[in-house]
file my_file32.txt (compact mmCIF, N, CA and C atoms)
# COMPACT_ATOMS: atom_id res chain seq x y z
N PHE O 1 0.82 -1.19 0.00
CA PHE O 1 0.00 0.00 0.00
C PHE O 1 0.86 1.25 0.00
N GLY O 2 1.87 1.35 0.80
CA GLY O 2 2.69 2.55 0.87
C GLY O 2 4.03 2.41 0.18
N SER O 3 4.24 1.34 -0.57
CA SER O 3 5.56 1.13 -1.17
C SER O 3 5.79 2.08 -2.33
N SER O 4 7.04 2.38 -2.58
CA SER O 4 7.39 3.30 -3.65
C SER O 4 7.11 2.69 -5.03
N SER O 5 7.01 1.37 -5.10
CA SER O 5 6.76 0.74 -6.39
C SER O 5 5.33 0.99 -6.87
N SER O 6 4.40 1.34 -5.97
CA SER O 6 3.03 1.56 -6.38
C SER O 6 2.78 3.01 -6.82
N ARG O 7 3.76 3.89 -6.61
CA ARG O 7 3.59 5.28 -7.01
C ARG O 7 3.99 5.45 -8.47
N ALA O 8 3.30 6.36 -9.13
CA ALA O 8 3.67 6.65 -10.52
C ALA O 8 4.95 7.44 -10.53
N SER O 9 5.88 7.03 -11.33
CA SER O 9 7.13 7.78 -11.42
C SER O 9 6.99 8.88 -12.45
N SER O 10 7.78 9.91 -12.28
CA SER O 10 7.69 11.05 -13.19
C SER O 10 8.16 10.68 -14.60
N SER O 11 8.88 9.58 -14.75
CA SER O 11 9.34 9.19 -16.08
C SER O 11 8.19 8.70 -16.95
N HIS O 12 7.04 8.37 -16.35
CA HIS O 12 5.89 7.91 -17.12
C HIS O 12 4.98 9.07 -17.54
N LEU O 13 5.25 10.26 -17.04
CA LEU O 13 4.44 11.42 -17.39
C LEU O 13 4.97 12.04 -18.67
N PRO O 14 4.07 12.54 -19.51
CA PRO O 14 4.56 13.20 -20.74
C PRO O 14 5.33 14.45 -20.38
N SER O 15 6.37 14.75 -21.17
CA SER O 15 7.20 15.92 -20.89
C SER O 15 6.44 17.22 -21.13
N GLU O 16 5.55 17.23 -22.09
CA GLU O 16 4.73 18.40 -22.37
C GLU O 16 3.33 17.94 -22.71
N ALA O 17 2.35 18.70 -22.26
CA ALA O 17 0.98 18.39 -22.62
C ALA O 17 0.80 18.71 -24.10
N PRO O 18 -0.02 17.93 -24.79
CA PRO O 18 -0.24 18.23 -26.21
C PRO O 18 -0.89 19.60 -26.36
N GLN O 19 -0.51 20.30 -27.40
CA GLN O 19 -1.06 21.63 -27.63
C GLN O 19 -2.50 21.52 -28.11
N MET O 20 -3.37 22.25 -27.47
CA MET O 20 -4.79 22.25 -27.81
C MET O 20 -5.00 23.10 -29.07
N PRO O 21 -5.81 22.65 -30.01
CA PRO O 21 -6.06 23.46 -31.21
C PRO O 21 -6.70 24.80 -30.84
N THR O 22 -6.46 25.79 -31.68
CA THR O 22 -7.07 27.10 -31.49
C THR O 22 -7.99 27.39 -32.66
N ILE O 23 -8.66 28.51 -32.61
CA ILE O 23 -9.54 28.90 -33.71
C ILE O 23 -8.76 29.04 -35.01
N ALA O 24 -7.47 29.35 -34.92
CA ALA O 24 -6.64 29.47 -36.12
C ALA O 24 -6.49 28.13 -36.84
N ASP O 25 -6.72 27.03 -36.15
CA ASP O 25 -6.59 25.69 -36.73
C ASP O 25 -7.90 25.17 -37.33
N LEU O 26 -8.96 25.97 -37.24
CA LEU O 26 -10.28 25.48 -37.62
C LEU O 26 -10.36 24.96 -39.05
N ALA O 27 -9.83 25.71 -40.01
CA ALA O 27 -9.91 25.27 -41.41
C ALA O 27 -9.15 23.97 -41.64
N SER O 28 -7.96 23.85 -41.04
CA SER O 28 -7.20 22.61 -41.22
C SER O 28 -7.86 21.44 -40.51
N LEU O 29 -8.51 21.70 -39.38
CA LEU O 29 -9.24 20.62 -38.68
C LEU O 29 -10.42 20.15 -39.53
N LEU O 30 -11.09 21.08 -40.19
CA LEU O 30 -12.21 20.74 -41.07
C LEU O 30 -11.73 19.84 -42.21
N GLU O 31 -10.57 20.15 -42.77
CA GLU O 31 -10.02 19.35 -43.86
C GLU O 31 -9.72 17.92 -43.44
N LYS O 32 -9.41 17.71 -42.17
CA LYS O 32 -9.06 16.38 -41.66
C LYS O 32 -10.28 15.49 -41.42
N LEU O 33 -11.47 16.08 -41.41
CA LEU O 33 -12.67 15.26 -41.20
C LEU O 33 -12.93 14.39 -42.42
N ASP O 34 -13.59 13.26 -42.20
CA ASP O 34 -13.96 12.45 -43.35
C ASP O 34 -15.10 13.16 -44.10
N ALA O 35 -15.37 12.75 -45.31
CA ALA O 35 -16.31 13.44 -46.20
C ALA O 35 -17.70 13.65 -45.57
N PRO O 36 -18.33 12.64 -44.97
CA PRO O 36 -19.66 12.85 -44.40
C PRO O 36 -19.65 13.86 -43.24
N GLN O 37 -18.62 13.80 -42.38
CA GLN O 37 -18.53 14.75 -41.27
C GLN O 37 -18.30 16.17 -41.79
N ARG O 38 -17.43 16.31 -42.77
CA ARG O 38 -17.15 17.62 -43.35
C ARG O 38 -18.41 18.18 -44.01
N ALA O 39 -19.17 17.33 -44.68
CA ALA O 39 -20.42 17.77 -45.31
C ALA O 39 -21.42 18.27 -44.27
N ASP O 40 -21.48 17.59 -43.12
CA ASP O 40 -22.38 18.04 -42.04
C ASP O 40 -22.00 19.45 -41.57
N VAL O 41 -20.72 19.68 -41.36
CA VAL O 41 -20.26 20.99 -40.91
C VAL O 41 -20.54 22.04 -41.99
N GLU O 42 -20.22 21.71 -43.25
CA GLU O 42 -20.37 22.67 -44.34
C GLU O 42 -21.83 22.96 -44.67
N ARG O 43 -22.74 22.12 -44.24
CA ARG O 43 -24.16 22.37 -44.42
C ARG O 43 -24.61 23.53 -43.51
N VAL O 44 -23.90 23.71 -42.39
CA VAL O 44 -24.28 24.73 -41.41
C VAL O 44 -23.32 25.93 -41.43
N LEU O 45 -22.05 25.70 -41.65
CA LEU O 45 -21.05 26.77 -41.53
C LEU O 45 -20.21 26.92 -42.80
N ARG O 46 -19.85 28.16 -43.10
CA ARG O 46 -18.84 28.42 -44.13
C ARG O 46 -17.63 28.96 -43.36
N ILE O 47 -16.52 28.25 -43.44
CA ILE O 47 -15.31 28.61 -42.72
C ILE O 47 -14.26 29.00 -43.75
N GLU O 48 -13.73 30.23 -43.60
CA GLU O 48 -12.75 30.73 -44.56
C GLU O 48 -11.55 31.31 -43.82
N GLU O 49 -10.40 31.17 -44.44
CA GLU O 49 -9.19 31.84 -43.96
C GLU O 49 -8.99 33.04 -44.87
N LEU O 50 -9.02 34.23 -44.28
CA LEU O 50 -8.88 35.47 -45.04
C LEU O 50 -7.57 36.15 -44.66
N GLU O 51 -7.15 37.07 -45.51
CA GLU O 51 -5.91 37.79 -45.26
C GLU O 51 -6.19 39.28 -45.37
N GLY O 52 -5.70 40.04 -44.41
CA GLY O 52 -5.84 41.49 -44.43
C GLY O 52 -4.47 42.14 -44.47
N HIS O 53 -4.36 43.23 -45.20
CA HIS O 53 -3.07 43.89 -45.35
C HIS O 53 -3.14 45.32 -44.84
N GLY O 54 -2.07 45.77 -44.25
CA GLY O 54 -1.97 47.14 -43.76
C GLY O 54 -0.52 47.57 -43.75
N GLU O 55 -0.31 48.87 -43.66
CA GLU O 55 1.04 49.41 -43.61
C GLU O 55 1.24 50.04 -42.23
N VAL O 56 2.39 49.80 -41.65
CA VAL O 56 2.74 50.37 -40.35
C VAL O 56 3.71 51.52 -40.61
N PRO O 57 3.28 52.77 -40.33
CA PRO O 57 4.19 53.90 -40.54
C PRO O 57 5.46 53.75 -39.71
N GLU O 58 6.57 54.22 -40.23
CA GLU O 58 7.87 54.07 -39.57
C GLU O 58 7.87 54.53 -38.12
N PRO O 59 7.29 55.71 -37.78
CA PRO O 59 7.33 56.15 -36.38
C PRO O 59 6.56 55.23 -35.42
N PHE O 60 5.70 54.38 -35.95
CA PHE O 60 4.83 53.53 -35.14
C PHE O 60 5.40 52.11 -34.98
N ARG O 61 6.43 51.77 -35.74
CA ARG O 61 6.93 50.39 -35.82
C ARG O 61 7.50 49.87 -34.51
N ALA O 62 8.25 50.66 -33.77
CA ALA O 62 8.84 50.16 -32.52
C ALA O 62 7.76 49.80 -31.51
N LYS O 63 6.72 50.64 -31.42
CA LYS O 63 5.63 50.36 -30.48
C LYS O 63 4.87 49.10 -30.89
N VAL O 64 4.57 48.98 -32.19
CA VAL O 64 3.85 47.80 -32.69
C VAL O 64 4.71 46.55 -32.50
N ALA O 65 6.01 46.66 -32.69
CA ALA O 65 6.91 45.52 -32.49
C ALA O 65 6.83 45.02 -31.05
N ARG O 66 6.79 45.94 -30.09
CA ARG O 66 6.67 45.53 -28.67
C ARG O 66 5.34 44.81 -28.44
N TRP O 67 4.26 45.32 -29.04
CA TRP O 67 2.95 44.67 -28.89
C TRP O 67 2.96 43.26 -29.46
N CYS O 68 3.78 43.05 -30.49
CA CYS O 68 3.82 41.75 -31.17
C CYS O 68 4.93 40.86 -30.64
N GLY O 69 5.51 41.20 -29.51
CA GLY O 69 6.49 40.34 -28.89
C GLY O 69 7.93 40.65 -29.22
N GLY O 70 8.19 41.76 -29.91
CA GLY O 70 9.57 42.15 -30.20
C GLY O 70 10.28 42.58 -28.93
N GLU O 71 11.55 42.30 -28.87
CA GLU O 71 12.30 42.58 -27.65
C GLU O 71 13.02 43.92 -27.65
N ASP O 72 13.23 44.51 -28.84
CA ASP O 72 13.93 45.80 -28.86
C ASP O 72 13.47 46.62 -30.06
N ALA O 73 13.98 47.83 -30.16
CA ALA O 73 13.57 48.75 -31.22
C ALA O 73 13.95 48.25 -32.61
N LEU O 74 14.92 47.35 -32.71
CA LEU O 74 15.34 46.82 -34.00
C LEU O 74 14.51 45.62 -34.46
N SER O 75 13.61 45.17 -33.61
CA SER O 75 12.80 44.00 -33.91
C SER O 75 11.94 44.22 -35.16
N GLN O 76 11.77 43.17 -35.91
CA GLN O 76 10.93 43.19 -37.10
C GLN O 76 9.55 42.60 -36.81
N ALA O 77 9.22 42.42 -35.53
CA ALA O 77 7.94 41.81 -35.15
C ALA O 77 6.75 42.61 -35.67
N TRP O 78 6.91 43.89 -35.91
CA TRP O 78 5.83 44.73 -36.41
C TRP O 78 5.32 44.26 -37.76
N LYS O 79 6.13 43.51 -38.50
CA LYS O 79 5.72 43.04 -39.83
C LYS O 79 4.53 42.08 -39.76
N ARG O 80 4.32 41.47 -38.57
CA ARG O 80 3.15 40.58 -38.40
C ARG O 80 1.85 41.34 -38.63
N VAL O 81 1.85 42.64 -38.37
CA VAL O 81 0.64 43.46 -38.51
C VAL O 81 0.35 43.74 -39.98
N GLU O 82 1.37 43.74 -40.82
CA GLU O 82 1.17 44.08 -42.23
C GLU O 82 0.40 43.01 -43.01
N CYS O 83 0.44 41.79 -42.55
CA CYS O 83 -0.32 40.72 -43.20
C CYS O 83 -0.97 39.87 -42.10
N GLN O 84 -2.26 40.14 -41.86
CA GLN O 84 -2.97 39.47 -40.77
C GLN O 84 -3.89 38.39 -41.33
N HIS O 85 -3.95 37.29 -40.60
CA HIS O 85 -4.80 36.17 -41.00
C HIS O 85 -6.05 36.15 -40.13
N VAL O 86 -7.19 36.06 -40.78
CA VAL O 86 -8.47 36.10 -40.10
C VAL O 86 -9.24 34.82 -40.43
N ILE O 87 -9.82 34.22 -39.41
CA ILE O 87 -10.70 33.06 -39.61
C ILE O 87 -12.12 33.59 -39.58
N SER O 88 -12.86 33.37 -40.65
CA SER O 88 -14.24 33.83 -40.75
C SER O 88 -15.17 32.62 -40.70
N VAL O 89 -16.13 32.66 -39.78
CA VAL O 89 -17.10 31.57 -39.63
C VAL O 89 -18.48 32.16 -39.86
N HIS O 90 -19.14 31.72 -40.92
CA HIS O 90 -20.47 32.22 -41.28
C HIS O 90 -21.49 31.10 -41.11
N ASN O 91 -22.51 31.35 -40.30
CA ASN O 91 -23.59 30.39 -40.09
C ASN O 91 -24.58 30.54 -41.24
N LEU O 92 -24.71 29.51 -42.05
CA LEU O 92 -25.57 29.55 -43.25
C LEU O 92 -27.05 29.53 -42.91
N TRP O 93 -27.41 29.19 -41.69
CA TRP O 93 -28.81 29.15 -41.29
C TRP O 93 -29.26 30.45 -40.64
N THR O 94 -28.41 31.03 -39.83
CA THR O 94 -28.79 32.26 -39.10
C THR O 94 -28.20 33.51 -39.74
N PHE O 95 -27.27 33.34 -40.67
CA PHE O 95 -26.59 34.43 -41.37
C PHE O 95 -25.71 35.28 -40.43
N GLU O 96 -25.36 34.72 -39.30
CA GLU O 96 -24.41 35.38 -38.40
C GLU O 96 -23.00 35.06 -38.85
N THR O 97 -22.11 36.01 -38.68
CA THR O 97 -20.70 35.80 -39.03
C THR O 97 -19.83 36.26 -37.86
N ALA O 98 -18.81 35.48 -37.58
CA ALA O 98 -17.82 35.85 -36.58
C ALA O 98 -16.45 35.78 -37.24
N ASN O 99 -15.65 36.83 -37.03
CA ASN O 99 -14.30 36.88 -37.57
C ASN O 99 -13.31 36.86 -36.41
N PHE O 100 -12.30 36.02 -36.51
CA PHE O 100 -11.31 35.86 -35.46
C PHE O 100 -9.95 36.22 -36.03
N ASN O 101 -9.35 37.26 -35.49
CA ASN O 101 -8.02 37.69 -35.88
C ASN O 101 -7.08 37.28 -34.76
N VAL O 102 -6.27 36.27 -35.00
CA VAL O 102 -5.40 35.70 -33.98
C VAL O 102 -4.42 36.75 -33.44
N LEU O 103 -3.97 37.65 -34.27
CA LEU O 103 -3.02 38.67 -33.84
C LEU O 103 -3.61 39.60 -32.78
N ARG O 104 -4.91 39.74 -32.75
CA ARG O 104 -5.54 40.65 -31.79
C ARG O 104 -5.30 40.23 -30.34
N ALA O 105 -4.93 39.00 -30.12
CA ALA O 105 -4.60 38.58 -28.75
C ALA O 105 -3.36 39.30 -28.24
N SER O 106 -2.55 39.84 -29.15
CA SER O 106 -1.34 40.56 -28.77
C SER O 106 -1.57 42.05 -28.54
N ARG O 107 -2.75 42.52 -28.87
CA ARG O 107 -2.98 43.96 -28.77
C ARG O 107 -2.94 44.44 -27.33
N PRO O 108 -2.54 45.67 -27.14
CA PRO O 108 -2.52 46.20 -25.78
C PRO O 108 -3.94 46.48 -25.30
N VAL O 109 -4.19 46.24 -24.04
CA VAL O 109 -5.50 46.50 -23.46
C VAL O 109 -5.29 47.38 -22.25
N ALA O 110 -5.95 48.52 -22.23
CA ALA O 110 -5.80 49.44 -21.10
C ALA O 110 -6.27 48.77 -19.83
N GLY O 111 -5.47 48.91 -18.78
CA GLY O 111 -5.87 48.38 -17.48
C GLY O 111 -5.57 46.91 -17.29
N ARG O 112 -4.97 46.25 -18.26
CA ARG O 112 -4.67 44.82 -18.11
C ARG O 112 -3.70 44.64 -16.95
N GLY O 113 -4.03 43.77 -16.05
CA GLY O 113 -3.13 43.48 -14.95
C GLY O 113 -3.54 44.12 -13.64
N ASN O 114 -4.19 45.30 -13.68
CA ASN O 114 -4.58 45.92 -12.42
C ASN O 114 -6.06 45.76 -12.13
N GLY O 115 -6.78 45.06 -12.98
CA GLY O 115 -8.19 44.80 -12.73
C GLY O 115 -9.11 45.94 -13.16
N HIS O 116 -8.56 47.10 -13.51
CA HIS O 116 -9.37 48.24 -13.92
C HIS O 116 -9.17 48.47 -15.41
N ARG O 117 -10.25 48.50 -16.13
CA ARG O 117 -10.19 48.77 -17.56
C ARG O 117 -10.72 50.18 -17.78
N GLN O 118 -9.91 51.02 -18.42
CA GLN O 118 -10.31 52.40 -18.63
C GLN O 118 -11.49 52.50 -19.58
N THR O 119 -12.38 53.43 -19.28
CA THR O 119 -13.49 53.73 -20.18
C THR O 119 -12.97 54.64 -21.28
N PRO O 120 -13.70 54.75 -22.41
CA PRO O 120 -13.25 55.68 -23.46
C PRO O 120 -13.09 57.11 -22.95
N ASP O 121 -13.97 57.56 -22.04
CA ASP O 121 -13.83 58.91 -21.50
C ASP O 121 -12.56 59.05 -20.69
N GLU O 122 -12.20 58.03 -19.91
CA GLU O 122 -10.96 58.08 -19.12
C GLU O 122 -9.74 58.11 -20.03
N ILE O 123 -9.79 57.35 -21.11
CA ILE O 123 -8.68 57.35 -22.07
C ILE O 123 -8.53 58.72 -22.71
N ALA O 124 -9.66 59.33 -23.12
CA ALA O 124 -9.63 60.65 -23.74
C ALA O 124 -9.09 61.70 -22.76
N LYS O 125 -9.48 61.64 -21.49
CA LYS O 125 -9.00 62.60 -20.49
C LYS O 125 -7.51 62.44 -20.23
N SER O 126 -6.98 61.22 -20.39
CA SER O 126 -5.56 60.99 -20.13
C SER O 126 -4.69 61.42 -21.29
N CYS O 127 -5.28 61.80 -22.41
CA CYS O 127 -4.52 62.24 -23.58
C CYS O 127 -3.76 63.51 -23.22
N GLU O 128 -2.47 63.50 -23.55
CA GLU O 128 -1.64 64.64 -23.23
C GLU O 128 -1.20 65.41 -24.47
N GLY O 129 -1.85 65.14 -25.60
CA GLY O 129 -1.58 65.93 -26.80
C GLY O 129 -0.62 65.28 -27.77
N PRO O 130 -0.38 65.99 -28.89
CA PRO O 130 0.51 65.48 -29.94
C PRO O 130 1.88 65.10 -29.39
N GLY O 131 2.38 63.97 -29.88
CA GLY O 131 3.67 63.46 -29.44
C GLY O 131 3.56 62.52 -28.25
N LEU O 132 2.44 62.57 -27.56
CA LEU O 132 2.24 61.73 -26.38
C LEU O 132 1.04 60.80 -26.52
N CYS O 133 0.31 60.95 -27.60
CA CYS O 133 -0.93 60.17 -27.79
C CYS O 133 -1.00 59.68 -29.23
N ASP O 134 -1.16 58.37 -29.42
CA ASP O 134 -1.23 57.81 -30.77
C ASP O 134 -2.38 58.41 -31.59
N PHE O 135 -3.51 58.67 -30.94
CA PHE O 135 -4.68 59.13 -31.67
C PHE O 135 -4.62 60.60 -32.03
N CYS O 136 -3.70 61.34 -31.42
CA CYS O 136 -3.52 62.76 -31.77
C CYS O 136 -2.70 62.93 -33.04
N GLU O 137 -2.04 61.86 -33.47
CA GLU O 137 -1.22 61.91 -34.68
C GLU O 137 -1.55 60.70 -35.55
N LEU O 138 -2.78 60.69 -36.04
CA LEU O 138 -3.28 59.53 -36.79
C LEU O 138 -2.40 59.15 -37.97
N GLU O 139 -1.91 60.12 -38.71
CA GLU O 139 -1.13 59.83 -39.92
C GLU O 139 0.19 59.13 -39.59
N ARG O 140 0.76 59.43 -38.43
CA ARG O 140 2.06 58.88 -38.07
C ARG O 140 1.96 57.65 -37.18
N LEU O 141 0.90 57.57 -36.35
CA LEU O 141 0.89 56.57 -35.29
C LEU O 141 -0.31 55.61 -35.33
N THR O 142 -0.86 55.39 -36.51
CA THR O 142 -1.86 54.34 -36.70
C THR O 142 -1.59 53.65 -38.03
N CYS O 143 -2.00 52.41 -38.15
CA CYS O 143 -1.80 51.65 -39.38
C CYS O 143 -2.79 52.12 -40.45
N VAL O 144 -2.39 51.94 -41.69
CA VAL O 144 -3.24 52.35 -42.81
C VAL O 144 -3.37 51.19 -43.78
N GLU O 145 -4.46 51.21 -44.54
CA GLU O 145 -4.64 50.22 -45.60
C GLU O 145 -3.80 50.65 -46.80
N PRO O 146 -3.17 49.70 -47.46
CA PRO O 146 -2.33 50.07 -48.63
C PRO O 146 -3.16 50.58 -49.79
call {"tool": "encode", "arguments": {"input": "my_file32.txt", "output": "structure tokens"}}
result
Amino acid sequence: FGSSSSRASSSHLPSEAPQMPTIADLASLLEKLDAPQRADVERVLRIEELEGHGEVPEPFRAKVARWCGGEDALSQAWKRVECQHVISVHNLWTFETANFNVLRASRPVAGRGNGHRQTPDEIAKSCEGPGLCDFCELERLTCVEP
């Protein structure tokens, strides 16, 4: 009952848990279904992988790179924003559509970590003018469509 031979040893445990699929994997998961299962899904849903393009102005690149996981001002992580992949799921019966942009999980969120999320009015009041606020210099500090 209490012997060490009856305990599970750590060598029998997997080194890493298998990675759970995300919404980004939806189209490839659909392709892996057999024909009848895929037909059932496609009778109800239209699932598409879409691509969106944008340009990141030079003065905005270092900030965007940090949002995308870049470690320094020389990082090229900002390029992830220039070509974004979106999963679109359209319900053919209800005509509802949901679009999932995986990159949006990297976006900055005001108040993250302290439990308080700023309201739009609080964000506007905290604006300190050109040079200190992205929205005060739209041409320089926001992405644009090509």
call {"tool": "closest_residue", "arguments": {"input": "my_file32.txt", "among": "O:Glu122, O:Glu42, O:Glu82, O:Glu55", "to": "Val144 of chain O", "atoms": "all atoms listed in the file"}}
result
O:Glu55
call {"tool": "residues_around", "arguments": {"input": "my_file32.txt", "residues": "Leu50 of chain O", "least_positions_apart": "3", "cutoff": "12 Å", "atoms": "only C-alpha atoms", "output": "short mmCIF file (atom, residue, chain, number, x, y, z; two decimals) with N, CA and C atoms, keeping the file's coordinate frame"}}
result
data_model
loop_
_atom_site.label_atom_id
_atom_site.label_comp_id
_atom_site.auth_asym_id
_atom_site.auth_seq_id
_atom_site.Cartn_x
_atom_site.Cartn_y
_atom_site.Cartn_z
N ALA O 24 -7.47 29.35 -34.92
CA ALA O 24 -6.64 29.47 -36.12
C ALA O 24 -6.49 28.13 -36.84
N ALA O 27 -9.83 25.71 -40.01
CA ALA O 27 -9.91 25.27 -41.41
C ALA O 27 -9.15 23.97 -41.64
N ILE O 47 -16.52 28.25 -43.44
CA ILE O 47 -15.31 28.61 -42.72
C ILE O 47 -14.26 29.00 -43.75
N HIS O 53 -4.36 43.23 -45.20
CA HIS O 53 -3.07 43.89 -45.35
C HIS O 53 -3.14 45.32 -44.84
N CYS O 83 0.44 41.79 -42.55
CA CYS O 83 -0.32 40.72 -43.20
C CYS O 83 -0.97 39.87 -42.10
N GLN O 84 -2.26 40.14 -41.86
CA GLN O 84 -2.97 39.47 -40.77
C GLN O 84 -3.89 38.39 -41.33
N HIS O 85 -3.95 37.29 -40.60
CA HIS O 85 -4.80 36.17 -41.00
C HIS O 85 -6.05 36.15 -40.13
N VAL O 86 -7.19 36.06 -40.78
CA VAL O 86 -8.47 36.10 -40.10
C VAL O 86 -9.24 34.82 -40.43
N ILE O 87 -9.82 34.22 -39.41
CA ILE O 87 -10.70 33.06 -39.61
C ILE O 87 -12.12 33.59 -39.58
N SER O 88 -12.86 33.37 -40.65
CA SER O 88 -14.24 33.83 -40.75
C SER O 88 -15.17 32.62 -40.70
N VAL O 89 -16.13 32.66 -39.78
CA VAL O 89 -17.10 31.57 -39.63
C VAL O 89 -18.48 32.16 -39.86
N ASN O 99 -15.65 36.83 -37.03
CA ASN O 99 -14.30 36.88 -37.57
C ASN O 99 -13.31 36.86 -36.41
N PHE O 100 -12.30 36.02 -36.51
CA PHE O 100 -11.31 35.86 -35.46
C PHE O 100 -9.95 36.22 -36.03
N ASN O 101 -9.35 37.26 -35.49
CA ASN O 101 -8.02 37.69 -35.88
C ASN O 101 -7.08 37.28 -34.76
N VAL O 102 -6.27 36.27 -35.00
CA VAL O 102 -5.40 35.70 -33.98
C VAL O 102 -4.42 36.75 -33.44
#
call {"tool": "closest_residue", "arguments": {"input": "my_file32.txt", "among": "O:Val81, O:Leu29, O:Ile23, O:Ala17", "to": "Thr142 of chain O", "atoms": "only C-alpha atoms"}}
result
O:Val81
call {"tool": "atom_distance", "arguments": {"input": "my_file32.txt", "atom1": "atom CA of Pro146 of chain O", "atom2": "atom N of Gly52 of chain O"}}
result
11.4 Å
call {"tool": "atom_distance", "arguments": {"input": "my_file32.txt", "atom1": "atom N of Gly54 of chain O", "atom2": "atom CA of Cys143 of chain O"}}
result
7.6 Å
call {"tool": "closest_residue", "arguments": {"input": "my_file32.txt", "among": "O:His90, O:Arg61, O:Phe135, O:Leu33", "to": "Gln76 of chain O", "atoms": "only C-alpha atoms"}}
result
O:Arg61
call {"tool": "closest_residue", "arguments": {"input": "my_file32.txt", "among": "O:Arg66, O:Glu58, O:Val44, O:Arg38", "to": "Trp93 of chain O", "atoms": "all atoms listed in the file"}}
result
O:Val44
call {"tool": "atom_distance", "arguments": {"input": "my_file32.txt", "atom1": "atom N of Thr119 of chain O", "atom2": "atom N of Asp134 of chain O"}}
result
15.9 Å
call {"tool": "select_by_dssp", "arguments": {"input": "my_file32.txt", "residues": "segment 79-111 of chain O", "states": "helix (DSSP H, G or I)", "output": "list in words"}}
result
Lys79, Arg80, Val81, Glu82, Val102, Leu103, Arg104, Ala105 and Ser106 of chain O
call {"tool": "write_last_selection", "arguments": {"input": "my_file32.txt", "atoms": "N, CA and C atoms", "output": "mmCIF file, in the coordinates of the input"}}
result
data_model
loop_
_atom_site.group_PDB
_atom_site.id
_atom_site.type_symbol
_atom_site.label_atom_id
_atom_site.label_comp_id
_atom_site.auth_asym_id
_atom_site.auth_seq_id
_atom_site.Cartn_x
_atom_site.Cartn_y
_atom_site.Cartn_z
ATOM 1 N N LYS O 79 6.130 43.510 -38.500
ATOM 2 C CA LYS O 79 5.720 43.040 -39.830
ATOM 3 C C LYS O 79 4.530 42.080 -39.760
ATOM 4 N N ARG O 80 4.320 41.470 -38.570
ATOM 5 C CA ARG O 80 3.150 40.580 -38.400
ATOM 6 C C ARG O 80 1.850 41.340 -38.630
ATOM 7 N N VAL O 81 1.850 42.640 -38.370
ATOM 8 C CA VAL O 81 0.640 43.460 -38.510
ATOM 9 C C VAL O 81 0.350 43.740 -39.980
ATOM 10 N N GLU O 82 1.370 43.740 -40.820
ATOM 11 C CA GLU O 82 1.170 44.080 -42.230
ATOM 12 C C GLU O 82 0.400 43.010 -43.010
ATOM 13 N N VAL O 102 -6.270 36.270 -35.000
ATOM 14 C CA VAL O 102 -5.400 35.700 -33.980
ATOM 15 C C VAL O 102 -4.420 36.750 -33.440
ATOM 16 N N LEU O 103 -3.970 37.650 -34.270
ATOM 17 C CA LEU O 103 -3.020 38.670 -33.840
ATOM 18 C C LEU O 103 -3.610 39.600 -32.780
ATOM 19 N N ARG O 104 -4.910 39.740 -32.750
ATOM 20 C CA ARG O 104 -5.540 40.650 -31.790
ATOM 21 C C ARG O 104 -5.300 40.230 -30.340
ATOM 22 N N ALA O 105 -4.930 39.000 -30.120
ATOM 23 C CA ALA O 105 -4.600 38.580 -28.750
ATOM 24 C C ALA O 105 -3.360 39.300 -28.240
ATOM 25 N N SER O 106 -2.550 39.840 -29.150
ATOM 26 C CA SER O 106 -1.340 40.560 -28.770
ATOM 27 C C SER O 106 -1.570 42.050 -28.540
#
call {"tool": "decode", "arguments": {"input": "my_file32.txt", "residues": "segment 45-55 of chain O", "atoms": "N, CA and C atoms", "output": "PDB file, in the first residue's frame"}}
result
ATOM      1  N   LEU O  45     -22.054  25.700 -41.650  1.00  0.00           N
ATOM      2  CA  LEU O  45     -21.053  26.767 -41.535  1.00  0.00           C
ATOM      3  C   LEU O  45     -20.214  26.919 -42.796  1.00  0.00           C
ATOM      4  N   ARG O  46     -19.853  28.157 -43.099  1.00  0.00           N
ATOM      5  CA  ARG O  46     -18.841  28.421 -44.126  1.00  0.00           C
ATOM      6  C   ARG O  46     -17.626  28.959 -43.365  1.00  0.00           C
ATOM      7  N   ILE O  47     -16.524  28.251 -43.441  1.00  0.00           N
ATOM      8  CA  ILE O  47     -15.307  28.612 -42.719  1.00  0.00           C
ATOM      9  C   ILE O  47     -14.257  29.005 -43.746  1.00  0.00           C
ATOM     10  N   GLU O  48     -13.735  30.233 -43.601  1.00  0.00           N
ATOM     11  CA  GLU O  48     -12.751  30.733 -44.555  1.00  0.00           C
ATOM     12  C   GLU O  48     -11.549  31.307 -43.818  1.00  0.00           C
ATOM     13  N   GLU O  49     -10.400  31.171 -44.437  1.00  0.00           N
ATOM     14  CA  GLU O  49      -9.192  31.844 -43.963  1.00  0.00           C
ATOM     15  C   GLU O  49      -8.988  33.044 -44.871  1.00  0.00           C
ATOM     16  N   LEU O  50      -9.017  34.229 -44.279  1.00  0.00           N
ATOM     17  CA  LEU O  50      -8.884  35.465 -45.036  1.00  0.00           C
ATOM     18  C   LEU O  50      -7.571  36.148 -44.664  1.00  0.00           C
ATOM     19  N   GLU O  51      -7.146  37.065 -45.508  1.00  0.00           N
ATOM     20  CA  GLU O  51      -5.910  37.789 -45.258  1.00  0.00           C
ATOM     21  C   GLU O  51      -6.195  39.279 -45.374  1.00  0.00           C
ATOM     22  N   GLY O  52      -5.696  40.042 -44.410  1.00  0.00           N
ATOM     23  CA  GLY O  52      -5.839  41.492 -44.434  1.00  0.00           C
ATOM     24  C   GLY O  52      -4.467  42.136 -44.467  1.00  0.00           C
ATOM     25  N   HIS O  53      -4.360  43.227 -45.203  1.00  0.00           N
ATOM     26  CA  HIS O  53      -3.071  43.894 -45.352  1.00  0.00           C
ATOM     27  C   HIS O  53      -3.144  45.323 -44.837  1.00  0.00           C
ATOM     28  N   GLY O  54      -2.074  45.773 -44.249  1.00  0.00           N
ATOM     29  CA  GLY O  54      -1.970  47.139 -43.756  1.00  0.00           C
ATOM     30  C   GLY O  54      -0.518  47.570 -43.751  1.00  0.00           C
ATOM     31  N   GLU O  55      -0.314  48.870 -43.665  1.00  0.00           N
ATOM     32  CA  GLU O  55       1.039  49.411 -43.606  1.00  0.00           C
ATOM     33  C   GLU O  55       1.239  50.041 -42.232  1.00  0.00           C
TER      34      GLU O  55
END
